[in-house]
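One file, start_31.cif, carrying mmCIF, C-alpha atoms:
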data_work
#
loop_
_atom_site.label_atom_id
_atom_site.label_comp_id
_atom_site.auth_asym_id
_atom_site.auth_seq_id
_atom_site.Cartn_x
_atom_site.Cartn_y
_atom_site.Cartn_z
CA MET A 1 15.94 -32.90 -0.59
CA ASP A 2 12.61 -32.95 -2.43
CA ASP A 3 10.57 -29.95 -3.59
CA ARG A 4 8.32 -30.00 -0.50
CA GLU A 5 11.32 -29.82 1.85
CA ARG A 6 12.92 -27.13 -0.30
CA ALA A 7 9.68 -25.09 -0.16
CA GLU A 8 9.49 -25.47 3.64
CA ARG A 9 13.10 -24.39 4.07
CA GLY A 10 12.56 -21.54 1.60
CA THR A 11 9.48 -20.32 3.45
CA LYS A 12 11.35 -20.35 6.76
CA VAL A 13 14.34 -18.41 5.36
CA ARG A 14 12.11 -16.00 3.44
CA ARG A 15 10.19 -15.19 6.64
CA GLU A 16 13.41 -14.75 8.63
CA VAL A 17 14.92 -12.40 6.05
CA LEU A 18 11.90 -10.43 4.80
CA GLY A 19 9.62 -10.67 7.82
CA ASP A 20 6.27 -12.31 8.33
CA GLU A 21 4.30 -9.23 7.29
CA HIS A 22 5.92 -9.08 3.84
CA VAL A 23 5.63 -12.83 3.22
CA ASP A 24 2.01 -12.93 4.41
CA ARG A 25 1.20 -10.02 2.07
CA ALA A 26 2.90 -11.75 -0.88
CA VAL A 27 1.19 -15.07 -0.19
CA SER A 28 -2.25 -13.50 0.22
CA ALA A 29 -1.81 -11.65 -3.07
CA THR A 30 -0.97 -14.88 -4.92
CA THR A 31 -3.28 -15.69 -7.81
CA PRO A 32 -3.43 -18.76 -10.02
CA PHE A 33 -1.33 -16.77 -12.52
CA THR A 34 1.37 -15.76 -9.99
CA GLU A 35 1.41 -19.01 -7.96
CA PRO A 36 4.10 -20.69 -10.08
CA PHE A 37 6.36 -17.65 -9.62
CA GLN A 38 5.80 -17.58 -5.83
CA ASP A 39 6.64 -21.28 -5.75
CA LEU A 40 9.78 -20.71 -7.85
CA ILE A 41 11.19 -17.93 -5.68
CA THR A 42 10.31 -19.74 -2.46
CA ARG A 43 11.97 -23.00 -3.48
CA TYR A 44 14.95 -21.67 -5.42
CA ALA A 45 15.77 -18.11 -4.33
CA TRP A 46 15.06 -18.81 -0.64
CA GLY A 47 15.21 -22.62 -0.33
CA GLU A 48 18.38 -23.02 -2.40
CA ILE A 49 20.39 -19.82 -2.81
CA TRP A 50 19.71 -17.93 0.45
CA SER A 51 20.12 -21.26 2.31
CA ARG A 52 23.57 -22.10 0.97
CA PRO A 53 26.42 -22.11 3.49
CA GLY A 54 28.98 -20.30 1.30
CA LEU A 55 27.98 -16.76 2.31
CA SER A 56 26.46 -15.46 5.52
CA ARG A 57 23.10 -13.71 5.41
CA PRO A 58 24.74 -10.30 5.91
CA GLU A 59 27.07 -11.03 2.99
CA ARG A 60 24.12 -12.13 0.84
CA SER A 61 22.37 -8.87 1.75
CA LEU A 62 25.43 -6.86 0.68
CA VAL A 63 25.48 -8.61 -2.69
CA THR A 64 21.72 -8.31 -3.13
CA LEU A 65 21.70 -4.59 -2.37
CA ALA A 66 24.56 -3.93 -4.78
CA VAL A 67 22.88 -5.84 -7.60
CA LEU A 68 19.46 -4.28 -7.02
CA VAL A 69 20.95 -0.78 -7.04
CA ALA A 70 23.19 -1.43 -10.04
CA LEU A 71 20.34 -2.89 -12.07
CA GLN A 72 17.95 -0.17 -10.85
CA HIS A 73 15.45 -2.62 -9.41
CA GLU A 74 14.05 0.07 -7.18
CA GLN A 75 10.81 -1.71 -6.30
CA GLU A 76 12.78 -4.44 -4.55
CA LEU A 77 15.39 -2.16 -2.98
CA ALA A 78 13.41 -0.88 0.02
CA MET A 79 12.35 -4.41 0.94
CA HIS A 80 15.95 -5.62 0.84
CA VAL A 81 17.25 -2.61 2.79
CA LYS A 82 14.93 -3.68 5.61
CA ALA A 83 15.98 -7.31 5.13
CA ALA A 84 19.64 -6.25 5.37
CA LEU A 85 18.91 -4.68 8.75
CA ARG A 86 17.24 -7.93 9.88
CA ASN A 87 20.34 -9.76 8.69
CA GLY A 88 22.58 -7.61 10.88
CA LEU A 89 23.82 -4.88 8.55
CA THR A 90 24.01 -1.35 9.88
CA PRO A 91 22.77 1.77 8.11
CA ALA A 92 26.44 2.76 7.71
CA GLN A 93 27.19 -0.51 5.87
CA ILE A 94 24.18 0.00 3.61
CA GLN A 95 25.43 3.52 2.88
CA GLU A 96 28.84 2.08 1.94
CA VAL A 97 27.21 -0.32 -0.52
CA LEU A 98 25.45 2.58 -2.22
CA LEU A 99 28.67 4.59 -2.39
CA GLN A 100 30.52 1.60 -3.87
CA VAL A 101 27.80 1.15 -6.48
CA ALA A 102 27.99 4.87 -7.34
CA VAL A 103 31.57 4.39 -8.48
CA TYR A 104 31.04 1.16 -10.41
CA ALA A 105 27.47 1.50 -11.73
CA GLY A 106 27.13 5.25 -11.94
CA VAL A 107 26.24 8.26 -9.84
CA PRO A 108 22.71 8.59 -11.30
CA THR A 109 21.98 5.01 -10.26
CA ALA A 110 23.10 5.63 -6.68
CA ASN A 111 21.38 9.01 -6.69
CA ARG A 112 18.07 7.23 -7.27
CA ALA A 113 18.87 4.55 -4.68
CA PHE A 114 19.84 6.81 -1.76
CA PRO A 115 16.35 8.28 -1.15
CA ILE A 116 14.76 4.83 -1.42
CA ALA A 117 17.21 3.40 1.09
CA GLN A 118 16.88 6.40 3.38
CA ARG A 119 13.08 6.06 3.39
CA ALA A 120 13.33 2.32 4.11
CA LEU A 121 15.77 2.95 6.98
CA ALA A 122 13.41 5.57 8.44
CA GLU A 123 10.45 3.20 8.15
CA ALA A 124 12.43 0.44 9.87
CA ALA A 125 13.47 2.79 12.67
CA GLU A 126 9.89 3.97 13.08
CA ALA A 127 8.65 0.38 13.27
CA ILE A 128 11.05 -0.29 16.12
CA GLN A 129 9.61 2.70 17.96
CA ARG A 130 6.06 1.27 17.77
CA PRO A 131 5.68 -1.51 20.35
CA GLY A 132 3.91 -4.58 19.05
CA ASP A 133 4.51 -3.64 15.43
CA PRO A 134 4.93 -6.74 13.19
CA GLU A 135 8.18 -5.26 11.82
CA ASP A 136 9.54 -5.02 15.38
CA PRO A 137 11.79 -8.03 16.12
CA GLU A 138 10.93 -7.65 19.83
CA ALA A 139 7.25 -8.24 19.04
CA ARG A 140 7.84 -11.68 17.52
#
What is this file in structure tokens?
Amino acid sequence: MDDRERAERGTKVRREVLGDEHVDRAVSATTPFTEPFQDLITRYAWGEIWSRPGLSRPERSLVTLAVLVALQHEQELAMHVKAALRNGLTPAQIQEVLLQVAVYAGVPTANRAFPIAQRALAEAAEAIQRPGDPEDPEAR
């Protein structure tokens, strides 16, 4: 597979996992300075890693949530909570990830993650309530 094919596959997976609205926003915000980074994450994070057959998308979401919480990457957490829902995880499973991380990465870390996740879950639920909303899977 060449870089063009990897980028196409990465774009497809990225849109499926994060949603068109998020990807469109990221692409439109791309500058000459950030373009190499957007290309890198599209080809490698999405076109290589998220596309591998070894783990399912829900399993990849579980791992991603745990790592983001443990490393306190809070800016990415809400986005990946919503992605986890798109990948088939339930709010209860997301809650279990946060509880697991509390034990292994610390209560303060999980304490910061719970409100972020709760807000993201509420936003996702609200989006489903609004017909025609871009976040609504029924509207696609």
remark   = Correct to one decimal, the distance CA of Thr11 (chain A)-CA of Ala26 (chain A) is 11.6 Å
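Remark: for Ala110 (chain A), the closest of the candidate residues A:His73, A:Arg4, A:Arg86, A:Arg60 is A:His73 (distances computed over all atoms listed in the file).
Taking only C-alpha atoms into account, Glu21 (chain A) lies nearest to A:Met79 out of the set A:Leu121, A:Val67, A:Met79, A:Ala84.
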Return as a tab-separated table (two decimals) with C-alpha atoms, keeping the file's coordinate frame the set of residues that the PyMOL selection byres ((chain A and resi 99) around 12) yields on the displayed structure.
chain	number	residue	atom	x	y	z
A	65	LEU	CA	21.70	-4.59	-2.37
A	66	ALA	CA	24.56	-3.93	-4.78
A	69	VAL	CA	20.95	-0.78	-7.04
A	70	ALA	CA	23.19	-1.43	-10.04
A	92	ALA	CA	26.44	2.76	7.71
A	93	GLN	CA	27.19	-0.51	5.87
A	94	ILE	CA	24.18	0.00	3.61
A	95	GLN	CA	25.43	3.52	2.88
A	96	GLU	CA	28.84	2.08	1.94
A	97	VAL	CA	27.21	-0.32	-0.52
A	98	LEU	CA	25.45	2.58	-2.22
A	100	GLN	CA	30.52	1.60	-3.87
A	101	VAL	CA	27.80	1.15	-6.48
A	102	ALA	CA	27.99	4.87	-7.34
A	103	VAL	CA	31.57	4.39	-8.48
A	104	TYR	CA	31.04	1.16	-10.41
A	105	ALA	CA	27.47	1.50	-11.73
A	106	GLY	CA	27.13	5.25	-11.94
A	107	VAL	CA	26.24	8.26	-9.84
A	108	PRO	CA	22.71	8.59	-11.30
A	109	THR	CA	21.98	5.01	-10.26
A	110	ALA	CA	23.10	5.63	-6.68
A	111	ASN	CA	21.38	9.01	-6.69
A	112	ARG	CA	18.07	7.23	-7.27
A	113	ALA	CA	18.87	4.55	-4.68
A	114	PHE	CA	19.84	6.81	-1.76
inquiry  = Given the PyMOL selection byres ((chain A and resi 57) around 10) and the file above, list the residues it selects as an MDAnalysis selection string.
reply    = chainID A and resid 13 17 50:56 58:63 83:84 86:89
ask   = CA of Arg15 (chain A) and CA of Thr42 (chain A) are how many Å apart?
value = 10.2 Å
query = Near Arg119 (chain A), counting only C-alpha atoms, which residues have an atom at most 10 Å away, once you skip same-chain residues fewer than 5 positions from it, shown as a PyMOL selection string?
reply = chain A and resi 78+81+114+124-125
